[in-house]
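**Q** Pasting a structure below so you can have a look.
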Amino acid sequence: MVNLTTRIGTMTLKNPIMPASGTFSEELADVFDLDCLGAHVTKTITREIRGGNPTPRVCEVQAGMLNSIGIPSKGLEYFKTSILPHYADYETPLVVSISANDADSFARLCADVTLPGVAAIEVNISCPNIEEDGKAFAMRPRTTGEVMTKLRAATDLPLWAKLTPNTGETVEVAQAAEEAGADALVVSNTLLAMAIDVRTRRPKLGNLMGGLSGPSIKPIALRMTYQCAKAVNIPIIGCGGISEVEDVLEFLIAGASAVQVGTATFINPTVMPRLIDGLAAYMHHAGIASIPDLVGSVRDEEAADGVVFMEAAL
Amino acid sequence: MVNLTTRIGTMTLKNPIMPASGTFSEELADVFDLDCLGAHVTKTITREIRGGNPTPRVCEVQAGMLNSIGIPSKGLEYFKTSILPHYADYETPLVVSISANDADSFARLCADVTLPGVAAIEVNISCPNIEEDGKAFAMRPRTTGEVMTKLRAATDLPLWAKLTPNTGETVEVAQAAEEAGADALVVSNTLLAMAIDVRTRRPKLGNLMGGLSGPSIKPIALRMTYQCAKAVNIPIIGCGGISEVEDVLEFLIAGASAVQVGTATFINPTVMPRLIDGLAAYMHHAGIASIPDLVGSVRDEEAADGVVFMEAAL
Amino acid sequence: MQNVTTLPARNPAPAGRVVEGTARVKSNDIVTGDYRLMVLDAPREMLDCRAGQFFHLLCPVLGGFEPFLRRPMSIYGFDAEAGELRFLYKVTGEGTGALALLRAGDDLNLLGPLGNGFTIREDWRNLLLVARGVGLATLAPLAMAAREAGCNLTAICSARAKNLLMSVEEFRATGAEVIAVTDEDGTSSVEALREVIEGRIAEGGIDAMYTCGSNRILTLLQDIGARHGIPGEIALEQQMACGLGMCHCCVRSFRRGGAIVHERVCREGPVFSIQEAMGW
Amino acid sequence: MQNVTTLPARNPAPAGRVVEGTARVKSNDIVTGDYRLMVLDAPREMLDCRAGQFFHLLCPVLGGFEPFLRRPMSIYGFDAEAGELRFLYKVTGEGTGALALLRAGDDLNLLGPLGNGFTIREDWRNLLLVARGVGLATLAPLAMAAREAGCNLTAICSARAKNLLMSVEEFRATGAEVIAVTDEDGTSSVEALREVIEGRIAEGGIDAMYTCGSNRILTLLQDIGARHGIPGEIALEQQMACGLGMCHCCVRSFRRGGAIVHERVCREGPVFSIQEAMGW
Ligand SMILES: Cc1cc2nc3c(=O)[nH]c(=O)nc-3n(C[C@H](O)[C@H](O)[C@H](O)COP(=O)(O)OP(=O)(O)OC[C@H]3O[C@@H](n4cnc5c(N)ncnc54)[C@H](O)[C@@H]3O)c2cc1C
Ligand SMILES: Cc1cc2nc3c(=O)[nH]c(=O)nc-3n(C[C@H](O)[C@H](O)[C@H](O)COP(=O)(O)OP(=O)(O)OC[C@H]3O[C@@H](n4cnc5c(N)ncnc54)[C@H](O)[C@@H]3O)c2cc1C
Ligand SMILES: Cc1cc2nc3c(=O)[nH]c(=O)nc-3n(C[C@H](O)[C@H](O)[C@H](O)COP(=O)(O)O)c2cc1C
Ligand SMILES: Cc1cc2nc3c(=O)[nH]c(=O)nc-3n(C[C@H](O)[C@H](O)[C@H](O)COP(=O)(O)O)c2cc1C
Ligand code: FES
Ligand code: FES
């Protein structure tokens, strides 16, 4: 039997497969037993009640989709009274994703979701920071460091920082998050993108722009995962376009200790249990006993050190 | 008859379709008459002779490819004696793409390619700048402004700045390029990415990482094109994943005055003449008389101003 | 490496009532114009359906069509005994274009049944439905449900022209009374419809009304319903990603208790109260 | 909107010698093991070919295979009269996997002929080729070319086992002498091959040698060639994107004039001098 357990800091997950924030909710229990997952990750919640963006909120593009869901949220109270109790029935640990528009409210929310039943907090620092012209916290090392320091002080729970691909400073941002006390990095969120209906000449999303996810971003997320794994000493959770067992393996080999599955669940709601089984089957046949045998095992000996940290594609 | 001409600053192109640098050369004349194109754009050349990167230099990914060709170059002399004369036979204007590792050599090369027969110079400022830790010039507004100022001083020819998508400061970079005197922006180059062969655990590219191009990056390049068109008053040349007539229309509607076609030529070497014909046919049927009727005609009235300049995908 | 969808999902077994699985195409023929009827041989566990529910179809990558997301499709008919599931669909784009290429013997992956179906309250006797175009696909199974509930059903079927009317025979077969109206006759205008419906109400009374899709008809039924205090339900459409309630892309606005609320068409719907629904 | 490849390319007409166009599959059957032979009905203008040249195939998106780039494939046979083009290929991955699914009557888009073919100098009389596996696909048309040039050809065909030997009859049909060697007999080892070739040289002499693909055989022929001053050519493979010389992804290293130079397999090759080629 292969051993699928993986460690994310002090947490041991029964397997490295978990959902990506915003692509998962209690409702998926209608399709399969959610206790098979390595972790549960909630949609990002905010303190206040928010409506989200105008429709249409999604559209499809080649090998992926755009979404401008925004962060519709029923607020902190609803989370405490309705969502949190729901997950109490599961053995699988619950990771709560949170977000706020400025560092101080972010930290206060972080303290407020530090509750029994919450195993870790994923901080969605890819969201716009109103104190910085709306640029996401995770676009710059300085703003990343600032917000992460406050978040770290606000909770004793494991703190996962979710990075954005919309930056030219992946490595510096990852290092700033680590230095400020992140326990793990989730790499990464969606890429800012757009599509236009050429007949109506209207943007395909009600909100004009949105986030690109799905297979088309996989090579970018994989590159970031690799760079972060080389640059920091905390575990990386890979995310972006994962839909096949081969994708899971690619991220583990690049240096991720676990992965999040997002868009693929929309295409195939049973993809996560299938990936768990498929990963076990692959490891069994390939004679790989445990996840650490895969993590970071990329054969990059011949690569020049300089290349690892480059941010230009030439 | 529809009028396909389009103006890029002082230049009038017979149609808005041209090749992207590095995906085109004299050899394509074996397949069709290159004089049908709106412009010819050379592979980026450097002053010195360069070997390029180790093989494998390309691999395929979902809806796209990675390349780590690098910039193998036969040098400036070869360009002058062998490449430039070749294009003298064409009516279509020649755009020479150049690059260098620091701003001063970049400017000197720019002066040296300011030659009869060259209609415009495309400066590939997406290439790494050794004076800034190898970050591409176009990743930051400051370095963009610095190099563009020197380049501007070095030539009287139209100067096209080719931006990189590997930045969180698209708008600021575009504005810096305009301010420093760019005549047009090419938006944009490839996204830094990676792929791993899970059986051998080796990176699929000899150079570890490379640039993602093809349909999968189209929504990102389109978003950047739209943002740049809103942010500056110089023409935009869209580039990224264009392979169908609909894609051309999408970029024009988003605000591009012309487009470059890259990877699609590898899949279908006659794609550019087909796009020219297809665009004319579409405009004819849709009753669109000329290209300016399309450029920037996106119906974004309802979009909040703030959204245009955002760089986070939430 | 094997595609993950071809892997067996050994563990864990489905715990809920929503099934993701494969059905085999029995036939997929043109009904009229761009409309096609697909008949599937579906596994029994998918067939515990209600009128108004839908399935989320994984349309194939085929013949140059490359749909990425699933496509929602109302249950046009289901027969648990015969193991049969039917969809009536209009070929409009990437997904339905691919669907139209499926042939008998091909497999189709689907997820469902999803959403909440129509309500028929115990004390209702006379039901009225107004359907047009693809709306028929959604409303047709109400005929069966009405018969099972022992109700009388009047179906106003609307179309551009007589030869484009669909499902009239199917409705009649369940004992429903069919009123066919067309644009070419001028019998399908809002005012003509109002007259027909008001007539019905005057004659024998209507306990509930059902419709779907059209803004024009929604406004009419809201007006008639409010005036006479007749409840009603409408099946709404919205673009979907997950179909399960997770992604929040399929929201629509509703009037409820003086406020405007957002509800997910896939989860709280697709069937909503006519009075709460908002035009678009 | 119409897919661009389905649009007519009205203007400008092809100016060069390389054609991008469609050919119809006549047959596509298994030869042995993973090897397949595809026979195409190709337009006349594609068929001005030389032995050693290749086509760049746009393998279809089919049956779960999603090749993105084109795939280079040597011309196994061509007949301008009959309008026929043949490829012998090994099913190894995404592209050839999709290729293998094509059936008679299907269309395939190809680009070519590309690259430089083998040279047969006017004063050469006795030619020798050493081929193994898929290398046969590349070397087979040399047999025809040799006959047309009035040369004698000896073809050493190598395989794992006797039943995996391909094209032996085809070679014989062109008048070539075939020496079949196999691993199971122990006749295919480098040392056994050296003996056979040295024997030939001693007997009647060899004017030129041809091979492709194998590092082991390259080293052997370089050694023999250098020792006896016999020129030779090798067809090399490298991953390709454009196939036309534009992208510079297909380079390989060669020894020339004391230096190491890079050449594009698609443009300067795929046929190179055996002495200049470098092992890999
Ligand atoms: C609950 C529900 C039940 C439906 N039942 C039926 C039915 O029984 N028969 C039928 O013909 N159609 C039905 N529709 C509409 C059907 O889903 C769309 O026609 C179909 O998705 C169009 O897909 P396409 O790829 O062919 O079109 P495209 O225009 O290529 O689709 C692009 C995207 O827009 C979405 N989209 C396009 N039109 C609609 C629409 N009207 N509603 C929701 N999303 C849309 C698609 O799902 C896809 O994501 C239903 C819609 C919903 C929400
Ligand atoms: C000039 C030339 C002529 C060739 N002639 C033949 C022939 O006649 N018969 C035959 O069976 N094979 C031939 N090959 C090899 C053939 O191109 C590859 O087997 C084929 O590309 C594999 O594609 P795939 O998608 O099935 O494999 P995958 O492994 O999925 O391919 C992945 C990528 O690697 C490339 N690739 C994989 N193997 C090779 C290879 N050996 N050479 C170049 N690129 C490769 C593919 O083109 C693709 O881009 C030739 C190669 C070249 C360069
Ligand atoms: C519909 C949708 C909603 C999302 N909502 C959130 C969110 O609330 N918070 C967050 O951190 N990421 C959110 N994401 C991003 C995903 O968590 C994930 O990072 C991204 O989609 C890339 O992974 P994928 O390609 O597997 O989908 C959302 C993605 C989608 C498609
Ligand atoms: C093989 C290859 C080589 C390239 N070389 C260059 C180059 O030398 N200079 C440059 O500015 N861009 C280069 N590019 C980037 C393209 O010009 C273009 O910006 C990018 O590929 C996106 O467009 P596409 O998706 O249409 O290919 C190269 C791209 C490819 C695929
Ligand atoms: S489609 Fe995802 S919530 Fe309705
Ligand atoms: S394949 Fe592009 S240069 Fe050879």
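Letters A, B, ... mark the chains of the structure tokens in the order given; residue numbers begin at 1 per chain; ligand numbers begin at 1, in order shown.
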Within 12 Å of chain C, which residues belong to chain B? Use only C-alpha atoms and report them as a list in words.
**A**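 So the contacting residues turn out to be Ala63, Asp197, Val198 and Arg199 of chain B.
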**Q** Using only C-alpha atoms and a cut-off of 10 Å, which residues of chain C sit close to chain D? Please list them as a list in words.
**A**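 Written out as asked, the residues are Asn3, Pro60, Val61, Leu62, Gly63, Gly64 and Phe65 of chain C.
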**Q** Convert the current residue selection to file output with C-alpha atoms, as a PDB file, in the first residue's frame.
**A**
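For reference, out-v3.pdb as written:
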```
ATOM      1  CA  ASN C   3      -7.418  10.383 -18.609  1.00  0.00           C
ATOM      2  CA  PRO C  60     -18.031  16.309 -26.103  1.00  0.00           C
ATOM      3  CA  VAL C  61     -15.072  17.895 -27.876  1.00  0.00           C
ATOM      4  CA  LEU C  62     -16.089  16.916 -31.364  1.00  0.00           C
ATOM      5  CA  GLY C  63     -16.078  18.129 -34.941  1.00  0.00           C
ATOM      6  CA  GLY C  64     -14.211  21.333 -34.168  1.00  0.00           C
ATOM      7  CA  PHE C  65     -16.437  22.236 -31.233  1.00  0.00           C
TER       8      PHE C  65
END
```
**Q** Kindly compile the residues surrounding ligand 2 within 8 Å, counting only C-alpha atoms and all ligand atoms, and format them as an mmCIF file with N, CA, C and O atoms, in the first residue's frame.
**A**
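Once everything was written out, this is selection08.cif:
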```cif
data_model
loop_
_atom_site.group_PDB
_atom_site.id
_atom_site.type_symbol
_atom_site.label_atom_id
_atom_site.label_comp_id
_atom_site.auth_asym_id
_atom_site.auth_seq_id
_atom_site.Cartn_x
_atom_site.Cartn_y
_atom_site.Cartn_z
ATOM 1 N N VAL B 58 11.344 23.581 -27.268
ATOM 2 C CA VAL B 58 9.888 23.794 -27.253
ATOM 3 C C VAL B 58 9.223 22.571 -26.636
ATOM 4 O O VAL B 58 9.785 21.477 -26.613
ATOM 5 N N CYS B 59 8.039 22.760 -26.113
ATOM 6 C CA CYS B 59 7.186 21.621 -25.774
ATOM 7 C C CYS B 59 5.756 22.098 -25.863
ATOM 8 O O CYS B 59 5.492 23.302 -25.849
ATOM 9 N N GLU B 60 4.838 21.150 -25.994
ATOM 10 C CA GLU B 60 3.462 21.610 -26.066
ATOM 11 C C GLU B 60 2.774 21.457 -24.730
ATOM 12 O O GLU B 60 3.117 20.606 -23.912
ATOM 13 N N TYR D 35 3.623 -0.148 -35.480
ATOM 14 C CA TYR D 35 3.868 0.569 -36.728
ATOM 15 C C TYR D 35 2.642 0.566 -37.623
ATOM 16 O O TYR D 35 1.973 -0.454 -37.766
ATOM 17 N N GLN D 53 13.252 13.782 -47.600
ATOM 18 C CA GLN D 53 12.441 14.933 -47.185
ATOM 19 C C GLN D 53 11.314 14.476 -46.264
ATOM 20 O O GLN D 53 11.064 13.278 -46.113
ATOM 21 N N PHE D 54 10.644 15.444 -45.664
ATOM 22 C CA PHE D 54 9.550 15.097 -44.747
ATOM 23 C C PHE D 54 8.377 16.041 -44.928
ATOM 24 O O PHE D 54 8.475 17.072 -45.600
ATOM 25 N N PHE D 55 7.262 15.642 -44.341
ATOM 26 C CA PHE D 55 6.080 16.503 -44.247
ATOM 27 C C PHE D 55 5.830 16.816 -42.778
ATOM 28 O O PHE D 55 6.275 16.079 -41.891
ATOM 29 N N PRO D 67 -3.056 16.862 -29.739
ATOM 30 C CA PRO D 67 -1.768 17.396 -30.183
ATOM 31 C C PRO D 67 -1.930 18.873 -30.538
ATOM 32 O O PRO D 67 -2.970 19.269 -31.047
ATOM 33 N N PHE D 68 -0.924 19.668 -30.240
ATOM 34 C CA PHE D 68 -1.018 21.100 -30.543
ATOM 35 C C PHE D 68 -0.130 21.451 -31.730
ATOM 36 O O PHE D 68 -0.580 22.000 -32.720
ATOM 37 N N LEU D 69 1.132 21.111 -31.640
ATOM 38 C CA LEU D 69 2.064 21.378 -32.738
ATOM 39 C C LEU D 69 1.892 20.327 -33.841
ATOM 40 O O LEU D 69 1.333 19.267 -33.619
ATOM 41 N N ARG D 70 2.441 20.635 -35.016
ATOM 42 C CA ARG D 70 2.501 19.635 -36.068
ATOM 43 C C ARG D 70 3.530 18.567 -35.711
ATOM 44 O O ARG D 70 4.325 18.752 -34.797
ATOM 45 N N ARG D 71 3.518 17.465 -36.447
ATOM 46 C CA ARG D 71 4.467 16.376 -36.240
ATOM 47 C C ARG D 71 5.223 16.102 -37.528
ATOM 48 O O ARG D 71 4.587 15.893 -38.575
ATOM 49 N N PRO D 72 6.550 16.090 -37.475
ATOM 50 C CA PRO D 72 7.334 15.791 -38.690
ATOM 51 C C PRO D 72 7.313 14.297 -38.999
ATOM 52 O O PRO D 72 7.397 13.480 -38.089
ATOM 53 N N MET D 73 7.207 13.960 -40.257
ATOM 54 C CA MET D 73 7.155 12.560 -40.665
ATOM 55 C C MET D 73 7.831 12.420 -42.017
ATOM 56 O O MET D 73 7.479 13.111 -42.979
ATOM 57 N N SER D 74 8.800 11.522 -42.083
ATOM 58 C CA SER D 74 9.512 11.290 -43.340
ATOM 59 C C SER D 74 8.578 10.747 -44.399
ATOM 60 O O SER D 74 7.634 10.016 -44.098
ATOM 61 N N ILE D 75 8.916 11.063 -45.607
ATOM 62 C CA ILE D 75 8.175 10.489 -46.734
ATOM 63 C C ILE D 75 8.626 9.043 -46.890
ATOM 64 O O ILE D 75 9.802 8.766 -47.148
ATOM 65 N N TYR D 76 7.705 8.124 -46.707
ATOM 66 C CA TYR D 76 8.030 6.700 -46.858
ATOM 67 C C TYR D 76 7.892 6.302 -48.322
ATOM 68 O O TYR D 76 8.605 5.446 -48.819
ATOM 69 N N PHE D 87 3.235 7.310 -45.480
ATOM 70 C CA PHE D 87 4.026 7.461 -44.263
ATOM 71 C C PHE D 87 4.013 6.160 -43.487
ATOM 72 O O PHE D 87 2.977 5.513 -43.370
ATOM 73 N N LEU D 88 5.168 5.817 -42.958
ATOM 74 C CA LEU D 88 5.272 4.667 -42.065
ATOM 75 C C LEU D 88 5.609 5.237 -40.703
ATOM 76 O O LEU D 88 6.621 5.921 -40.552
ATOM 77 N N TYR D 89 4.763 4.998 -39.734
ATOM 78 C CA TYR D 89 5.024 5.664 -38.454
ATOM 79 C C TYR D 89 4.777 4.749 -37.266
ATOM 80 O O TYR D 89 4.025 3.776 -37.343
ATOM 81 N N LYS D 90 5.437 5.117 -36.197
ATOM 82 C CA LYS D 90 5.315 4.362 -34.958
ATOM 83 C C LYS D 90 4.413 5.155 -34.023
ATOM 84 O O LYS D 90 4.622 6.350 -33.822
ATOM 85 N N VAL D 91 3.437 4.491 -33.450
ATOM 86 C CA VAL D 91 2.510 5.168 -32.543
ATOM 87 C C VAL D 91 3.186 5.306 -31.184
ATOM 88 O O VAL D 91 3.449 4.315 -30.501
ATOM 89 N N THR D 92 3.507 6.567 -30.830
ATOM 90 C CA THR D 92 4.243 6.751 -29.576
ATOM 91 C C THR D 92 3.563 7.694 -28.604
ATOM 92 O O THR D 92 3.746 7.561 -27.408
ATOM 93 N N GLY D 93 2.806 8.662 -29.093
ATOM 94 C CA GLY D 93 2.269 9.656 -28.161
ATOM 95 C C GLY D 93 1.002 10.306 -28.674
ATOM 96 O O GLY D 93 0.201 9.707 -29.393
ATOM 97 N N GLU D 94 0.859 11.556 -28.280
ATOM 98 C CA GLU D 94 -0.350 12.339 -28.535
ATOM 99 C C GLU D 94 -0.638 12.458 -30.043
ATOM 100 O O GLU D 94 -1.754 12.227 -30.480
ATOM 101 N N GLY D 95 0.369 12.825 -30.799
ATOM 102 C CA GLY D 95 0.154 13.099 -32.222
ATOM 103 C C GLY D 95 -0.021 11.838 -33.037
ATOM 104 O O GLY D 95 -0.983 11.696 -33.806
ATOM 105 N N THR D 96 0.895 10.900 -32.876
ATOM 106 C CA THR D 96 0.785 9.657 -33.636
ATOM 107 C C THR D 96 -0.398 8.837 -33.132
ATOM 108 O O THR D 96 -1.011 8.094 -33.907
ATOM 109 N N GLY D 97 -0.731 8.999 -31.866
ATOM 110 C CA GLY D 97 -1.930 8.335 -31.336
ATOM 111 C C GLY D 97 -3.174 8.797 -32.079
ATOM 112 O O GLY D 97 -4.024 7.985 -32.460
ATOM 113 N N ALA D 98 -3.260 10.109 -32.286
ATOM 114 C CA ALA D 98 -4.413 10.650 -33.015
ATOM 115 C C ALA D 98 -4.375 10.208 -34.472
ATOM 116 O O ALA D 98 -5.397 9.840 -35.060
ATOM 117 N N GLY D 115 12.597 20.301 -46.145
ATOM 118 C CA GLY D 115 13.967 19.869 -45.878
ATOM 119 C C GLY D 115 14.685 19.377 -47.116
ATOM 120 O O GLY D 115 14.143 19.366 -48.229
ATOM 121 N N VAL D 134 11.891 2.583 -37.160
ATOM 122 C CA VAL D 134 11.222 3.624 -37.897
ATOM 123 C C VAL D 134 12.168 4.302 -38.891
ATOM 124 O O VAL D 134 11.738 5.007 -39.798
ATOM 125 N N GLY D 135 13.443 4.051 -38.751
ATOM 126 C CA GLY D 135 14.424 4.577 -39.686
ATOM 127 C C GLY D 135 14.141 4.106 -41.101
ATOM 128 O O GLY D 135 14.470 4.781 -42.083
ATOM 129 N N LEU D 136 13.527 2.953 -41.200
ATOM 130 C CA LEU D 136 13.146 2.431 -42.505
ATOM 131 C C LEU D 136 12.262 3.396 -43.260
ATOM 132 O O LEU D 136 12.351 3.518 -44.487
ATOM 133 N N ALA D 137 11.399 4.066 -42.517
ATOM 134 C CA ALA D 137 10.460 4.982 -43.158
ATOM 135 C C ALA D 137 11.216 6.053 -43.911
ATOM 136 O O ALA D 137 10.822 6.484 -44.988
ATOM 137 N N THR D 138 12.329 6.471 -43.340
ATOM 138 C CA THR D 138 13.107 7.546 -43.932
ATOM 139 C C THR D 138 13.972 7.040 -45.082
ATOM 140 O O THR D 138 14.177 7.735 -46.077
ATOM 141 N N ALA D 235 20.036 10.922 -41.655
ATOM 142 C CA ALA D 235 18.837 11.742 -41.436
ATOM 143 C C ALA D 235 18.632 11.818 -39.927
ATOM 144 O O ALA D 235 18.588 10.795 -39.251
ATOM 145 N N LEU D 236 18.524 13.048 -39.414
ATOM 146 C CA LEU D 236 18.407 13.238 -37.971
ATOM 147 C C LEU D 236 17.015 13.701 -37.587
ATOM 148 O O LEU D 236 16.273 14.270 -38.397
ATOM 149 N N GLU D 237 16.697 13.472 -36.327
ATOM 150 C CA GLU D 237 15.413 13.937 -35.803
ATOM 151 C C GLU D 237 15.646 14.973 -34.712
ATOM 152 O O GLU D 237 16.655 14.940 -34.017
ATOM 153 N N GLN D 238 14.748 15.876 -34.604
ATOM 154 C CA GLN D 238 14.735 16.832 -33.497
ATOM 155 C C GLN D 238 13.318 17.369 -33.398
ATOM 156 O O GLN D 238 12.605 17.429 -34.413
ATOM 157 N N GLN D 239 12.920 17.724 -32.209
ATOM 158 C CA GLN D 239 11.578 18.268 -32.042
ATOM 159 C C GLN D 239 11.415 19.536 -32.870
ATOM 160 O O GLN D 239 12.328 20.355 -32.954
ATOM 161 N N MET D 240 10.251 19.684 -33.478
ATOM 162 C CA MET D 240 10.027 20.816 -34.371
ATOM 163 C C MET D 240 8.764 21.580 -34.008
ATOM 164 O O MET D 240 7.788 20.993 -33.556
ATOM 165 N N ALA D 241 8.816 22.878 -34.240
ATOM 166 C CA ALA D 241 7.591 23.665 -34.152
ATOM 167 C C ALA D 241 7.183 24.042 -35.577
ATOM 168 O O ALA D 241 6.255 23.471 -36.137
ATOM 169 N N VAL D 265 17.512 21.210 -38.114
ATOM 170 C CA VAL D 265 17.207 19.924 -38.737
ATOM 171 C C VAL D 265 16.162 20.100 -39.832
ATOM 172 O O VAL D 265 16.212 19.468 -40.879
ATOM 173 N N CYS D 266 15.212 21.017 -39.614
ATOM 174 C CA CYS D 266 14.130 21.166 -40.604
ATOM 175 C C CYS D 266 14.606 21.844 -41.881
ATOM 176 O O CYS D 266 14.025 21.646 -42.936
ATOM 177 N N GLY D 269 18.793 20.366 -42.673
ATOM 178 C CA GLY D 269 18.639 18.921 -42.707
ATOM 179 C C GLY D 269 17.335 18.563 -43.357
ATOM 180 O O GLY D 269 16.862 19.331 -44.179
ATOM 181 N N PRO D 270 16.704 17.453 -43.019
ATOM 182 C CA PRO D 270 17.110 16.545 -41.937
ATOM 183 C C PRO D 270 18.308 15.666 -42.298
ATOM 184 O O PRO D 270 18.781 14.930 -41.454
#
```
**Q** Using DSSP on the backbone, list every residue of stretch 13-253 of chain A that comes out as helix (DSSP H, G or I), and give them as a PyMOL selection string.
**A** chain A and resi 26-30+34-36+75-87+103-112+130-132+137-139+141-154+170-179+215-231+245-253
**Q** Mind checking DSSP for stretch 139-190 of chain B and telling me the strand (DSSP E or B) residues as a ChimeraX atom specification?
**A** /B:159-162,184-187
**Q** For B:Leu249, list every protein, DNA or RNA residue within 10 Å, evaluated using only C-alpha atoms, and leave out those in the same chain fewer than 2 positions away; present the list as a PyMOL selection string.
**A** (chain A and resi 196-199+201) or (chain B and resi 242+244-247+251-256+258-259+279+282-283+291+294-295)
**Q** For C-alpha atoms, I'd like the residues from the last selection saved as a compact mmCIF listing (two decimals), in the first residue's frame.
**A**
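Output file part.txt is given in full below:
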```txt
# COMPACT_ATOMS: atom_id res chain seq x y z
CA ILE A 196 -15.11 40.12 -25.76
CA ASP A 197 -18.15 38.95 -27.69
CA VAL A 198 -17.32 40.20 -31.18
CA ARG A 199 -20.94 40.29 -32.30
CA ARG A 201 -18.80 44.06 -28.83
CA ILE B 242 -4.35 35.07 -32.13
CA GLU B 244 -8.85 32.97 -35.77
CA VAL B 245 -10.60 35.92 -37.42
CA GLU B 246 -12.64 36.23 -34.25
CA ASP B 247 -9.43 36.71 -32.26
CA PHE B 251 -8.15 42.59 -30.19
CA LEU B 252 -9.23 45.36 -32.55
CA ILE B 253 -12.44 45.91 -30.59
CA ALA B 254 -10.43 45.96 -27.36
CA GLY B 255 -8.35 48.81 -28.77
CA ALA B 256 -5.54 47.38 -30.89
CA ALA B 258 -3.09 46.00 -35.58
CA VAL B 259 -2.17 42.52 -34.41
CA LEU B 279 -11.20 39.73 -41.81
CA TYR B 282 -16.28 39.43 -42.07
CA MET B 283 -16.19 43.20 -42.37
CA ILE B 291 -10.52 49.24 -39.44
CA LEU B 294 -13.54 48.50 -35.07
CA VAL B 295 -10.59 49.81 -33.07
```
**Q** What residues have any atom no more than 6 Å from ligand 5 when counting only C-alpha atoms and all ligand atoms, and can you list them as a VMD selection string?
**A** chain C and resid 240 to 250 264 to 266
**Q** Convert the current residue selection to file output with N, CA, C and O atoms, as a short mmCIF file (atom, residue, chain, number, x, y, z; two decimals), in the first residue's frame.
**A**
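Below you can see again-v5.cif, which holds the result:
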```
data_model
loop_
_atom_site.label_atom_id
_atom_site.label_comp_id
_atom_site.auth_asym_id
_atom_site.auth_seq_id
_atom_site.Cartn_x
_atom_site.Cartn_y
_atom_site.Cartn_z
N MET C 240 -24.11 28.77 -16.23
CA MET C 240 -23.67 27.98 -15.09
C MET C 240 -22.25 27.44 -15.28
O MET C 240 -21.85 27.12 -16.39
N ALA C 241 -21.56 27.34 -14.16
CA ALA C 241 -20.29 26.63 -14.19
C ALA C 241 -20.50 25.29 -13.49
O ALA C 241 -20.62 24.26 -14.13
N CYS C 242 -20.63 25.33 -12.13
CA CYS C 242 -20.66 24.06 -11.39
C CYS C 242 -22.00 23.33 -11.46
O CYS C 242 -22.04 22.11 -11.42
N GLY C 243 -23.10 24.08 -11.50
CA GLY C 243 -24.43 23.45 -11.48
C GLY C 243 -24.86 22.93 -10.13
O GLY C 243 -25.97 22.44 -9.98
N LEU C 244 -23.98 23.03 -9.14
CA LEU C 244 -24.25 22.42 -7.83
C LEU C 244 -24.44 23.42 -6.71
O LEU C 244 -24.77 23.04 -5.59
N GLY C 245 -24.18 24.69 -6.98
CA GLY C 245 -24.34 25.69 -5.92
C GLY C 245 -23.03 26.19 -5.35
O GLY C 245 -23.02 26.98 -4.40
N MET C 246 -21.91 25.78 -5.93
CA MET C 246 -20.62 26.11 -5.34
C MET C 246 -20.03 27.42 -5.84
O MET C 246 -19.35 28.12 -5.11
N CYS C 247 -20.28 27.76 -7.11
CA CYS C 247 -19.48 28.83 -7.70
C CYS C 247 -20.16 30.20 -7.69
O CYS C 247 -19.52 31.22 -7.91
N HIS C 248 -21.43 30.25 -7.48
CA HIS C 248 -22.17 31.51 -7.42
C HIS C 248 -22.13 32.31 -8.72
O HIS C 248 -22.23 33.54 -8.69
N CYS C 249 -22.02 31.64 -9.84
CA CYS C 249 -22.02 32.41 -11.09
C CYS C 249 -23.43 32.55 -11.64
O CYS C 249 -23.69 33.40 -12.47
N CYS C 250 -24.37 31.72 -11.16
CA CYS C 250 -25.68 31.63 -11.81
C CYS C 250 -26.75 32.43 -11.09
O CYS C 250 -27.93 32.13 -11.22
N ARG C 264 -29.25 31.47 -6.42
CA ARG C 264 -28.57 30.68 -7.43
C ARG C 264 -29.60 29.89 -8.24
O ARG C 264 -30.38 29.13 -7.67
N VAL C 265 -29.59 30.07 -9.55
CA VAL C 265 -30.55 29.37 -10.39
C VAL C 265 -30.36 27.86 -10.27
O VAL C 265 -31.32 27.10 -10.25
N CYS C 266 -29.11 27.41 -10.13
CA CYS C 266 -28.86 25.97 -10.10
C CYS C 266 -29.31 25.33 -8.80
O CYS C 266 -29.61 24.14 -8.77
#
```
